file run_21.cif (mmCIF, C-alpha atoms)
data_model
#
loop_
_atom_site.label_atom_id
_atom_site.label_comp_id
_atom_site.auth_asym_id
_atom_site.auth_seq_id
_atom_site.Cartn_x
_atom_site.Cartn_y
_atom_site.Cartn_z
CA MET A 1 7.56 21.77 -48.40
CA PRO A 2 9.20 18.40 -49.15
CA LEU A 3 6.83 15.47 -49.54
CA TRP A 4 8.26 13.63 -46.55
CA GLN A 5 7.35 16.56 -44.29
CA LYS A 6 3.78 16.73 -45.58
CA ASN A 7 3.16 13.02 -45.17
CA ASP A 8 5.62 12.10 -42.47
CA GLU A 9 3.14 9.74 -40.76
CA ARG A 10 3.11 7.53 -43.87
CA ILE A 11 6.85 7.12 -44.00
CA SER A 12 8.39 4.25 -42.07
CA ASP A 13 11.09 4.81 -39.47
CA GLU A 14 13.59 2.99 -41.64
CA ASP A 15 12.80 5.17 -44.68
CA LEU A 16 13.24 8.26 -42.54
CA ILE A 17 16.65 6.99 -41.45
CA ALA A 18 17.64 6.44 -45.08
CA LEU A 19 16.40 9.94 -45.90
CA TYR A 20 18.36 11.39 -43.00
CA LYS A 21 21.55 9.72 -44.17
CA LYS A 22 21.03 11.32 -47.55
CA ARG A 23 20.02 14.83 -46.49
CA LEU A 24 21.39 15.17 -42.93
CA ASP A 25 18.35 17.27 -42.10
CA ALA A 26 17.87 17.52 -38.33
CA SER A 27 14.10 17.83 -38.67
CA ILE A 28 14.00 14.21 -39.87
CA VAL A 29 15.57 13.07 -36.60
CA GLY A 30 12.93 15.17 -34.84
CA ILE A 31 10.10 13.38 -36.66
CA LEU A 32 11.63 10.03 -35.88
CA PHE A 33 12.12 10.74 -32.20
CA ARG A 34 8.71 12.36 -31.83
CA ARG A 35 7.17 8.98 -32.67
CA HIS A 36 8.97 7.15 -29.87
CA TYR A 37 10.22 9.54 -27.18
CA HIS A 38 7.32 8.75 -24.84
CA LYS A 39 8.59 5.20 -24.60
CA VAL A 40 12.18 6.37 -24.25
CA TYR A 41 11.09 8.55 -21.32
CA GLY A 42 9.21 5.66 -19.68
CA LEU A 43 12.15 3.30 -20.14
CA CYS A 44 14.57 5.85 -18.68
CA LEU A 45 12.31 6.17 -15.64
CA ASN A 46 12.18 2.41 -15.36
CA TYR A 47 15.96 2.24 -15.03
CA LEU A 48 16.80 5.50 -13.29
CA LYS A 49 13.69 5.74 -11.08
CA ASN A 50 13.73 9.50 -10.95
CA ALA A 51 12.05 12.02 -13.24
CA HIS A 52 14.96 14.50 -13.40
CA ASP A 53 17.51 11.85 -14.33
CA GLY A 54 15.03 10.28 -16.74
CA GLU A 55 14.50 13.57 -18.51
CA ASP A 56 18.23 14.25 -18.73
CA ALA A 57 18.75 10.78 -20.19
CA VAL A 58 16.05 11.38 -22.84
CA MET A 59 17.80 14.57 -23.89
CA GLU A 60 21.19 12.85 -24.03
CA ILE A 61 19.80 10.02 -26.16
CA PHE A 62 18.11 12.49 -28.49
CA GLU A 63 21.33 14.47 -28.85
CA SER A 64 23.28 11.31 -29.64
CA LEU A 65 20.85 10.12 -32.33
CA PRO A 66 22.19 11.99 -35.40
CA GLY A 67 25.65 10.46 -34.92
CA HIS A 68 24.22 6.97 -34.38
CA LEU A 69 21.98 7.21 -37.44
CA VAL A 70 24.86 8.15 -39.68
CA HIS A 71 27.38 5.66 -38.35
CA HIS A 72 25.25 2.57 -37.78
CA SER A 73 23.31 0.34 -40.05
CA ILE A 74 19.91 0.12 -38.41
CA GLN A 75 17.54 -2.56 -39.66
CA LYS A 76 14.62 -1.90 -37.30
CA PHE A 77 14.59 1.45 -35.55
CA GLU A 78 12.32 0.72 -32.60
CA PRO A 79 14.11 -2.35 -31.18
CA TRP A 80 17.40 -0.58 -31.84
CA LEU A 81 16.20 2.49 -29.91
CA PHE A 82 15.16 0.21 -27.07
CA PHE A 83 18.70 -1.18 -26.76
CA VAL A 84 20.33 2.23 -27.13
CA THR A 85 18.10 3.59 -24.36
CA ARG A 86 18.62 0.57 -22.14
CA ASN A 87 22.39 0.65 -22.50
CA HIS A 88 22.53 4.39 -21.93
CA CYS A 89 20.47 4.06 -18.76
CA LEU A 90 22.45 1.10 -17.45
CA LYS A 91 25.69 3.02 -17.92
CA ARG A 92 24.18 5.96 -16.10
CA PHE A 93 22.80 3.68 -13.40
CA LYS A 94 26.26 2.16 -12.91
CA LYS A 95 27.79 5.62 -12.65
CA GLN A 96 25.17 6.78 -10.18
CA VAL A 97 25.61 3.83 -7.83
CA LYS A 98 29.41 3.97 -8.01
CA ASN A 99 29.76 5.86 -4.75
CA ARG A 100 27.62 3.25 -3.04
CA TRP A 101 29.65 0.37 -4.41
CA GLU A 102 30.53 -1.10 -1.00
CA ASP A 103 26.89 -1.13 -0.02
CA ILE A 104 25.96 -2.82 -3.26
CA GLN A 105 28.58 -5.50 -2.79
CA GLU A 106 27.28 -5.97 0.72
CA ILE A 107 23.86 -6.85 -0.75
CA ASN A 108 25.25 -9.86 -2.54
CA GLU A 109 28.97 -10.40 -2.89
CA ASP A 110 28.71 -13.35 -5.27
CA PHE A 111 26.47 -11.34 -7.48
CA PHE A 112 28.41 -8.09 -7.64
CA VAL A 113 31.94 -8.51 -6.33
CA GLU A 114 33.51 -9.73 -9.55
CA ILE A 115 31.30 -7.62 -11.72
CA GLU A 116 34.04 -5.28 -12.97
CA ALA A 117 35.95 -8.20 -14.43
CA GLU A 118 32.91 -9.64 -16.17
CA LYS A 119 31.82 -9.07 -19.70
CA ASP A 120 29.59 -6.12 -20.47
CA HIS A 121 26.42 -8.10 -20.99
CA ILE A 122 26.81 -9.80 -17.60
CA TYR A 123 27.07 -6.57 -15.66
CA GLU A 124 24.18 -5.14 -17.66
CA GLN A 125 22.05 -8.12 -16.68
CA ARG A 126 23.02 -7.75 -13.05
CA TYR A 127 22.36 -4.02 -12.87
CA GLU A 128 19.06 -4.64 -14.58
CA ALA A 129 18.24 -7.27 -12.00
CA LEU A 130 19.14 -4.86 -9.21
CA GLY A 131 16.80 -2.28 -10.74
CA GLU A 132 14.00 -4.83 -10.93
CA ALA A 133 14.66 -5.86 -7.34
CA ILE A 134 14.29 -2.23 -6.27
CA ASP A 135 10.90 -2.10 -8.05
CA GLU A 136 9.71 -4.98 -5.89
CA LEU A 137 10.46 -3.31 -2.55
CA LYS A 138 7.74 -1.89 -0.33
CA GLU A 139 7.10 1.79 -1.02
CA ASP A 140 8.93 3.26 2.01
CA GLN A 141 11.94 0.99 1.53
CA LYS A 142 11.97 1.72 -2.19
CA LYS A 143 11.90 5.48 -1.61
CA CYS A 144 14.84 5.32 0.81
CA ILE A 145 16.87 2.85 -1.27
CA ILE A 146 16.46 4.98 -4.42
CA LEU A 147 17.50 8.12 -2.59
CA PHE A 148 20.46 6.33 -0.99
CA PHE A 149 21.77 4.33 -3.95
CA LEU A 150 20.74 6.27 -7.01
CA GLN A 151 20.69 9.82 -5.75
CA GLN A 152 23.61 9.52 -3.34
CA LYS A 153 21.69 11.03 -0.44
CA THR A 154 22.90 10.65 3.13
CA TYR A 155 20.67 9.33 5.90
CA ASN A 156 20.16 12.91 7.12
CA ASP A 157 19.22 14.09 3.61
CA ILE A 158 16.68 11.28 3.37
CA VAL A 159 15.20 12.23 6.74
CA GLU A 160 14.74 15.76 5.45
CA ILE A 161 13.32 14.75 2.06
CA THR A 162 10.93 12.04 3.22
CA GLY A 163 9.96 13.29 6.65
CA PHE A 164 10.75 9.82 8.10
CA SER A 165 12.62 9.65 11.41
CA TYR A 166 16.35 8.87 11.34
CA ASN A 167 15.71 5.43 12.84
CA ASP A 168 13.02 4.68 10.27
CA VAL A 169 15.35 5.65 7.42
CA LYS A 170 18.07 3.43 8.84
CA SER A 171 15.64 0.57 9.22
CA TYR A 172 14.10 0.98 5.73
CA ILE A 173 17.56 0.95 4.14
CA GLN A 174 18.74 -2.07 6.15
CA ASN A 175 15.54 -4.01 5.47
CA GLY A 176 15.56 -2.85 1.85
CA LYS A 177 19.10 -4.17 1.40
CA ARG A 178 18.11 -7.49 2.94
CA ASN A 179 15.11 -7.78 0.63
CA LEU A 180 17.25 -6.92 -2.38
CA LYS A 181 19.67 -9.63 -1.36
CA ASN A 182 16.85 -12.17 -1.05
CA TYR A 183 15.44 -11.19 -4.42
CA LEU A 184 18.83 -11.57 -6.11
CA LEU A 185 19.56 -14.86 -4.32
CA ASN A 186 16.27 -16.12 -5.57
CA LEU A 187 17.24 -15.19 -9.12
CA ASN A 188 20.54 -17.08 -8.69
CA GLU A 189 18.75 -20.14 -7.40
CA ASN A 190 16.49 -20.08 -10.41
CA ASP A 191 19.61 -20.06 -12.61
CA GLU A 192 18.70 -16.85 -14.27
CA PHE A 193 22.37 -15.83 -14.14
CA MET B 1 15.06 -9.25 -29.01
CA THR B 2 13.46 -11.98 -31.09
CA ASN B 3 11.39 -11.60 -34.21
CA SER B 4 8.26 -12.67 -32.36
CA LYS B 5 8.76 -9.74 -30.00
CA HIS B 6 8.96 -7.35 -32.94
CA SER B 7 5.50 -8.35 -34.06
CA LYS B 8 3.98 -7.43 -30.72
CA LYS B 9 2.10 -4.20 -30.24
CA SER B 10 3.93 -0.94 -29.64
CA LEU B 11 2.40 1.45 -27.11
CA THR B 12 1.27 4.77 -28.58
CA LYS B 13 1.64 8.05 -26.75
CA ALA B 14 -2.16 8.39 -26.40
CA GLU B 15 -2.42 4.90 -24.89
CA MET B 16 0.43 5.68 -22.54
CA LEU B 17 -1.19 8.90 -21.32
CA ASP B 18 -4.51 7.16 -20.83
CA ARG B 19 -3.01 4.22 -18.96
CA HIS B 20 -0.88 6.49 -16.80
CA GLN B 21 -3.92 8.49 -15.80
CA ARG B 22 -5.71 5.28 -14.80
CA GLY B 23 -2.64 3.89 -13.02
CA ALA B 24 -2.64 0.89 -15.40
CA TRP B 25 1.12 0.45 -15.52
CA TYR B 26 1.34 -3.23 -16.36
CA LEU B 27 0.97 -4.39 -19.97
CA ALA B 28 0.36 -7.97 -21.05
CA GLU B 29 3.56 -9.69 -22.17
CA GLU B 30 1.76 -11.59 -24.91
CA THR B 31 0.39 -8.38 -26.44
CA TYR B 32 3.02 -5.65 -26.05
CA ASP B 33 6.71 -5.55 -26.89
CA GLU B 34 9.38 -5.31 -24.19
CA PHE B 35 10.05 -1.63 -24.90
CA SER B 36 6.37 -0.76 -24.30
CA ARG B 37 6.04 -2.90 -21.19
CA LYS B 38 9.14 -1.53 -19.50
CA ALA B 39 8.36 2.03 -20.51
CA MET B 40 4.85 1.83 -19.10
CA LYS B 41 6.12 0.27 -15.89
CA GLY B 42 8.71 3.04 -15.57
CA LEU B 43 6.01 5.71 -15.51
CA LYS B 44 5.31 4.78 -11.89
CA TYR B 45 8.36 6.91 -11.21
CA HIS B 46 7.03 9.93 -13.08
CA ASP B 47 7.14 13.03 -10.90
CA SER B 48 3.61 13.50 -9.59
CA GLN B 49 4.16 17.24 -9.27
CA GLU B 50 3.89 17.66 -13.03
CA ALA B 51 1.20 16.13 -15.23
CA LEU B 52 2.58 13.73 -17.85
CA PRO B 53 1.14 15.66 -20.85
CA GLU B 54 2.91 18.76 -19.55
CA THR B 55 6.21 16.87 -19.26
CA PHE B 56 5.81 15.61 -22.82
CA ARG B 57 4.99 19.09 -24.06
CA ARG B 58 8.03 20.49 -22.29
CA LEU B 59 10.29 17.74 -23.61
CA GLU B 60 9.07 18.34 -27.16
CA GLN B 61 9.80 22.05 -26.80
CA LYS B 62 13.26 21.38 -25.39
CA MET B 63 14.10 19.06 -28.26
CA GLY B 64 12.44 21.31 -30.82
CA ILE B 65 10.24 18.47 -32.07
CA ALA B 66 6.79 19.82 -31.19
CA SER B 67 4.16 19.03 -33.83
CA LYS B 68 3.29 21.96 -36.04
CA PRO B 69 -0.04 22.15 -37.85
CA VAL B 70 0.31 22.16 -41.63
CA ALA B 71 -1.97 25.21 -41.88
CA ARG B 72 0.64 27.27 -40.11
CA THR B 73 3.20 26.51 -42.77
CA ILE B 74 0.73 27.44 -45.52
CA HIS B 75 0.10 30.79 -43.88
CA LEU B 76 3.80 31.45 -43.76
CA LYS B 77 4.26 30.97 -47.48
CA PRO B 78 3.15 34.43 -48.68
CA VAL B 79 5.48 36.15 -46.27
CA LEU B 80 8.55 34.04 -46.98
CA ALA B 81 10.04 36.59 -49.35
CA VAL B 82 9.53 39.38 -46.86
CA ALA B 83 10.87 37.17 -44.10
CA ALA B 84 14.02 36.52 -46.10
CA SER B 85 14.61 40.24 -46.50
CA VAL B 86 13.96 40.84 -42.84
CA ALA B 87 16.32 38.00 -41.99
CA LEU B 88 19.07 39.70 -43.99
CA LEU B 89 18.48 42.94 -42.13
CA VAL B 90 18.43 41.12 -38.82
CA LEU B 91 21.68 39.39 -39.72
CA ALA B 92 23.24 42.73 -40.46
CA GLY B 93 21.93 43.98 -37.13
CA LEU B 94 23.32 40.95 -35.40
CA PHE B 95 26.82 41.90 -36.48
CA LEU B 96 26.34 45.33 -34.94
CA TRP B 97 24.92 43.92 -31.72
CA GLN B 98 27.06 40.84 -31.54
CA ASN B 99 27.65 40.82 -27.77
CA ASN B 100 24.03 41.22 -26.78
CA ALA B 101 22.94 38.77 -29.44
CA SER B 102 25.15 36.01 -28.19
CA SER B 103 23.86 36.49 -24.64
CA ASP B 104 20.33 36.55 -25.97
CA GLN B 105 20.97 33.46 -28.04
CA LEU B 106 22.39 31.61 -25.07
CA PHE B 107 19.41 32.64 -23.02
CA ALA B 108 16.93 31.62 -25.71
CA ASN B 109 18.59 28.24 -26.13
CA HIS B 110 18.56 27.38 -22.47
CA PHE B 111 15.62 29.12 -20.84
CA ASP B 112 12.74 26.93 -19.83
CA TYR B 113 9.98 27.40 -17.28
CA LEU B 114 10.34 25.52 -14.01
CA PRO B 115 7.56 22.96 -13.61
CA SER B 116 5.33 24.09 -10.77
CA ALA B 117 5.93 22.29 -7.49
CA ILE B 118 3.29 24.27 -5.65
CA GLN B 119 0.48 22.47 -3.89
CA ASN B 120 -2.40 24.90 -3.44
CA ASN B 121 -4.06 24.20 -0.12
CA GLU B 122 -4.80 27.76 0.73
CA GLY B 123 -8.22 29.28 0.57
CA ASP B 124 -8.24 32.56 -1.27
CA THR B 125 -11.88 32.04 -2.25
CA ASP B 126 -12.99 35.41 -1.01
CA VAL B 127 -10.36 37.13 -3.02
CA ARG B 128 -10.96 35.22 -6.25
CA ASP B 129 -14.51 36.42 -6.64
CA ALA B 130 -13.53 39.99 -6.01
CA VAL B 131 -10.67 39.83 -8.46
CA THR B 132 -11.86 37.53 -11.23
CA GLY B 133 -15.45 36.55 -10.54
CA SER B 134 -14.72 33.10 -11.96
CA LYS B 135 -14.54 29.59 -10.54
CA GLY B 136 -11.49 28.24 -8.73
CA THR B 137 -9.27 30.22 -6.43
CA LEU B 138 -7.08 32.84 -8.00
CA LYS B 139 -4.04 30.81 -7.06
CA ASP B 140 -5.59 27.77 -8.76
CA GLN B 141 -6.09 29.84 -11.90
CA VAL B 142 -2.50 31.08 -11.86
CA LEU B 143 -1.18 27.55 -11.40
CA SER B 144 -3.52 26.15 -14.01
CA ALA B 145 -2.49 28.74 -16.62
CA TYR B 146 1.17 28.16 -15.71
CA GLY B 147 0.81 24.39 -15.88
CA ASN B 148 -0.93 24.63 -19.26
CA GLY B 149 1.82 26.75 -20.71
CA GLN B 150 -0.35 29.89 -20.96
CA TYR B 151 2.40 32.02 -19.53
CA GLU B 152 1.15 35.43 -20.61
CA GLN B 153 -2.17 34.79 -18.91
CA ALA B 154 -0.40 33.25 -15.92
CA LEU B 155 1.66 36.42 -15.46
CA THR B 156 -1.41 38.67 -15.55
CA LEU B 157 -3.17 36.50 -12.99
CA MET B 158 -0.01 36.20 -10.93
CA GLU B 159 0.30 39.98 -10.66
CA GLN B 160 -3.29 40.18 -9.45
CA TYR B 161 -2.65 37.40 -6.95
CA ARG B 162 0.53 38.97 -5.60
CA GLN B 163 -1.18 42.30 -5.08
CA VAL B 164 -3.44 40.50 -2.62
CA PHE B 165 -0.83 38.09 -1.25
CA PRO B 166 2.49 39.94 -1.42
CA GLU B 167 3.89 37.71 1.35
CA ASP B 168 3.61 34.49 -0.75
CA LYS B 169 7.30 34.07 -1.56
CA GLU B 170 6.89 30.76 -3.33
CA MET B 171 4.53 32.32 -5.84
CA ALA B 172 6.92 35.27 -6.08
CA PHE B 173 9.62 32.87 -7.26
CA TYR B 174 7.40 31.66 -10.10
CA GLN B 175 6.43 35.25 -10.84
CA ALA B 176 10.11 36.02 -11.37
CA ILE B 177 10.39 33.08 -13.77
CA LEU B 178 7.33 34.33 -15.63
CA TYR B 179 8.86 37.80 -15.89
CA LEU B 180 12.01 36.26 -17.27
CA GLY B 181 10.13 34.18 -19.81
CA GLN B 182 7.91 37.06 -20.86
CA GLY B 183 10.76 39.46 -21.64
CA GLU B 184 10.61 41.49 -18.42
CA GLU B 185 14.04 40.45 -17.25
CA ASN B 186 14.74 43.57 -15.18
CA GLN B 187 11.68 42.82 -13.04
CA ALA B 188 12.89 39.23 -12.77
CA VAL B 189 16.32 40.34 -11.54
CA VAL B 190 14.81 42.58 -8.88
CA LEU B 191 12.50 39.85 -7.62
CA LEU B 192 15.11 37.09 -7.70
CA GLU B 193 17.74 39.24 -5.98
CA SER B 194 15.22 40.11 -3.29
CA MET B 195 14.90 36.47 -2.28
CA THR B 196 18.60 35.49 -2.42
CA ASP B 197 18.92 35.21 1.36
CA ASP B 198 15.30 34.39 2.00
CA LEU B 199 14.21 31.54 -0.22
CA PRO B 200 10.63 30.28 0.05
CA ARG B 201 11.92 26.71 0.36
CA LYS B 202 15.39 25.25 0.70
CA GLU B 203 14.75 22.98 -2.30
CA TYR B 204 14.59 26.02 -4.56
CA GLN B 205 18.20 26.98 -3.95
CA ARG B 206 19.69 25.55 -7.15
CA ALA B 207 16.70 26.63 -9.21
CA HIS B 208 16.99 30.13 -7.78
CA GLU B 209 20.69 30.34 -8.63
CA HIS B 210 19.96 29.09 -12.12
CA TYR B 211 17.18 31.57 -12.85
CA LEU B 212 19.11 34.45 -11.33
CA ALA B 213 22.10 33.55 -13.51
CA MET B 214 19.79 33.33 -16.53
CA ALA B 215 18.29 36.73 -15.66
CA TYR B 216 21.76 38.27 -15.43
CA LEU B 217 22.61 36.65 -18.75
CA LYS B 218 19.49 38.13 -20.33
CA VAL B 219 20.14 41.66 -19.06
CA GLY B 220 23.79 41.35 -20.12
CA THR B 221 25.44 41.53 -16.67
CA LEU B 222 27.74 38.70 -17.55
CA ASP B 223 30.14 39.41 -14.67
CA LYS B 224 27.35 38.51 -12.26
CA ALA B 225 26.02 35.61 -14.29
CA LYS B 226 29.29 33.73 -14.76
CA PRO B 227 30.14 33.05 -11.09
CA LEU B 228 26.65 31.68 -10.58
CA PHE B 229 26.94 29.36 -13.57
CA LEU B 230 30.37 28.22 -12.37
CA GLN B 231 28.88 27.46 -8.97
CA LEU B 232 25.98 25.57 -10.57
CA LYS B 233 28.36 23.61 -12.77
CA SER B 234 30.03 22.02 -9.76
CA GLY B 235 26.79 20.22 -8.85
CA ASN B 236 25.42 16.98 -10.21
CA ASP B 237 22.02 17.73 -11.66
CA ARG B 238 20.28 19.26 -14.66
CA TYR B 239 21.33 22.76 -13.60
CA ALA B 240 24.94 21.63 -13.57
CA ARG B 241 24.58 20.25 -17.08
CA MET B 242 22.92 23.37 -18.37
CA ALA B 243 25.55 25.57 -16.71
CA ALA B 244 28.31 23.53 -18.32
CA GLU B 245 26.69 23.91 -21.73
CA ILE B 246 26.18 27.63 -21.28
CA LEU B 247 29.75 28.16 -20.09
CA LYS B 248 31.02 26.24 -23.10
CA GLN B 249 29.36 28.80 -25.37
CA TRP B 250 30.10 31.78 -23.15
CA PRO B 251 30.31 35.09 -25.07
CA THR B 252 33.93 36.00 -25.69
CA LYS B 253 33.40 39.62 -24.75
#
call {"tool": "encode", "arguments": {"input": "run_21.cif", "output": "structure tokens"}}
result
Amino acid sequence: MPLWQKNDERISDEDLIALYKKRLDASIVGILFRRHYHKVYGLCLNYLKNAHDGEDAVMEIFESLPGHLVHHSIQKFEPWLFFVTRNHCLKRFKKQVKNRWEDIQEINEDFFVEIEAEKDHIYEQRYEALGEAIDELKEDQKKCIILFFLQQKTYNDIVEITGFSYNDVKSYIQNGKRNLKNYLLNLNENDEF
Amino acid sequence: MTNSKHSKKSLTKAEMLDRHQRGAWYLAEETYDEFSRKAMKGLKYHDSQEALPETFRRLEQKMGIASKPVARTIHLKPVLAVAASVALLVLAGLFLWQNNASSDQLFANHFDYLPSAIQNNEGDTDVRDAVTGSKGTLKDQVLSAYGNGQYEQALTLMEQYRQVFPEDKEMAFYQAILYLGQGEENQAVVLLESMTDDLPRKEYQRAHEHYLAMAYLKVGTLDKAKPLFLQLKSGNDRYARMAAEILKQWPTK
């Protein structure tokens, strides 16, 4: 057994990356990811707000790692993995809310209407802010907003999933949108964007 | 991320599990790095139907990164030479059984147990004592073994349970998955086919299609498996992704 496998806990992430570049041994990527995947999973949940999507995202990130490790010069693995995970999730978040784009613009036109023309880091910040705004909603509103925006469910689907009445679902989504708007307006007023 | 952030503490898996169990999702900004804080906060969205350690175990298995004790490797050493010879024979056999092997390989690469979504509120207390004589209802024991990944034991208990409660279709669905995972695919096909038009819950529809397709794949009835995978592929969930991957590697003959 190679020394690095016997004593893998003593080898730094960065040394493992260097070793991987040299040997292209998939088990090295496994050791590296095993150290951090719990945080990757948590971060994916933070952005995608759903266990199934979070788990899929973890798998996708893991599958993309070998290519990244070979083609990028990574100084510090953990902060790098944070950004890779964040960017992956934000892209996925953007894709998932695409069909609800009109509703999102309705929340705050100034905030989202020109988003497509903006630079990448701006839209990332704004999607991140939207995700954080969702976290702040009351539980029932949050549940309905997540199902509506992120999981593309219809009002009737949400009635079936949550057991809420149709009118309650409608009201939670309307009030949720209003609260999201207020949260984002507040961010604007505080010059965070 | 600034350098000062790098020097902050990184959350370990053990800490994360402990905090999640206590519902302590917020970490101090001055102590933990951004990655840890956001990850911990995200766990509020973890599916409560599956315990976090079980999700981690399943993820590790899926990625093939589960920790292996060193002792196991040491035990393997004396048989490596024999294993190499066997591997050569197996390889030769694989050429002879190429079609089945590719189906089997596909199955092995993509089969995973469905996390249990069953809430046990039923009282089978009278039955449990008669059948097992141990604590906890028999259904609890089945679900506990299943949740802990003790699938062989779960199947034995499940068969006992179903003898007493043959009408419990939800448990029957998990029994079929256990059959499939334990190499009794013909039993799985029979059970899964029997519930095609009579699912225990509507939410199981995609899962049912997936496991039936997997069962057909395992028994080699590819003409029945493929339409199901094609149907699954048109969705927008994990089953769709898996179906797409399986179809990409579909056996040529």
call {"tool": "resolve_selection", "arguments": {"input": "run_21.cif", "expression": "the PyMOL selection byres ((chain B and resi 15-17) around 12)", "output": "VMD selection string"}}
result
(chain A and resid 36 to 42) or (chain B and resid 9 to 14 18 to 27 32 36 to 44 46 51 to 56)
call {"tool": "write_last_selection", "arguments": {"input": "run_21.cif", "atoms": "C-alpha atoms", "output": "short mmCIF file (atom, residue, chain, number, x, y, z; two decimals), keeping the file's coordinate frame"}}
result
data_model
loop_
_atom_site.label_atom_id
_atom_site.label_comp_id
_atom_site.auth_asym_id
_atom_site.auth_seq_id
_atom_site.Cartn_x
_atom_site.Cartn_y
_atom_site.Cartn_z
CA HIS A 36 8.97 7.15 -29.87
CA TYR A 37 10.22 9.54 -27.18
CA HIS A 38 7.32 8.75 -24.84
CA LYS A 39 8.59 5.20 -24.60
CA VAL A 40 12.18 6.37 -24.25
CA TYR A 41 11.09 8.55 -21.32
CA GLY A 42 9.21 5.66 -19.68
CA LYS B 9 2.10 -4.20 -30.24
CA SER B 10 3.93 -0.94 -29.64
CA LEU B 11 2.40 1.45 -27.11
CA THR B 12 1.27 4.77 -28.58
CA LYS B 13 1.64 8.05 -26.75
CA ALA B 14 -2.16 8.39 -26.40
CA ASP B 18 -4.51 7.16 -20.83
CA ARG B 19 -3.01 4.22 -18.96
CA HIS B 20 -0.88 6.49 -16.80
CA GLN B 21 -3.92 8.49 -15.80
CA ARG B 22 -5.71 5.28 -14.80
CA GLY B 23 -2.64 3.89 -13.02
CA ALA B 24 -2.64 0.89 -15.40
CA TRP B 25 1.12 0.45 -15.52
CA TYR B 26 1.34 -3.23 -16.36
CA LEU B 27 0.97 -4.39 -19.97
CA TYR B 32 3.02 -5.65 -26.05
CA SER B 36 6.37 -0.76 -24.30
CA ARG B 37 6.04 -2.90 -21.19
CA LYS B 38 9.14 -1.53 -19.50
CA ALA B 39 8.36 2.03 -20.51
CA MET B 40 4.85 1.83 -19.10
CA LYS B 41 6.12 0.27 -15.89
CA GLY B 42 8.71 3.04 -15.57
CA LEU B 43 6.01 5.71 -15.51
CA LYS B 44 5.31 4.78 -11.89
CA HIS B 46 7.03 9.93 -13.08
CA ALA B 51 1.20 16.13 -15.23
CA LEU B 52 2.58 13.73 -17.85
CA PRO B 53 1.14 15.66 -20.85
CA GLU B 54 2.91 18.76 -19.55
CA THR B 55 6.21 16.87 -19.26
CA PHE B 56 5.81 15.61 -22.82
#
call {"tool": "residues_around", "arguments": {"input": "run_21.cif", "residues": "segment 165-176 of chain A", "least_positions_apart": "5", "cutoff": "7 Å", "atoms": "all atoms listed in the file", "output": "PyMOL selection string"}}
result
chain A and resi 137+140-141+144-145+155-156+159
call {"tool": "atom_distance", "arguments": {"input": "run_21.cif", "atom1": "atom CA of Met214 of chain B", "atom2": "atom CA of Ile177 of chain B"}}
result
9.8 Å
call {"tool": "axis_aligned_box", "arguments": {"input": "run_21.cif", "around": "segment 46-58 of chain A", "padding_each_side": "4 Å", "output": "lines of an AutoDock Vina configuration file"}}
result
center_x = 15.4
center_y = 8.4
center_z = -16.9
size_x = 14.7
size_y = 20.3
size_z = 19.9
call {"tool": "resolve_selection", "arguments": {"input": "run_21.cif", "expression": "the PyMOL selection byres ((chain B and resi 209) around 9)", "output": "list of chain:residue names"}}
result
B:Leu192, B:Thr196, B:Tyr204, B:Gln205, B:Arg206, B:Ala207, B:His208, B:His210, B:Tyr211, B:Leu212, B:Ala213, B:Met214, B:Leu228, B:Phe229, B:Gln231, B:Leu232
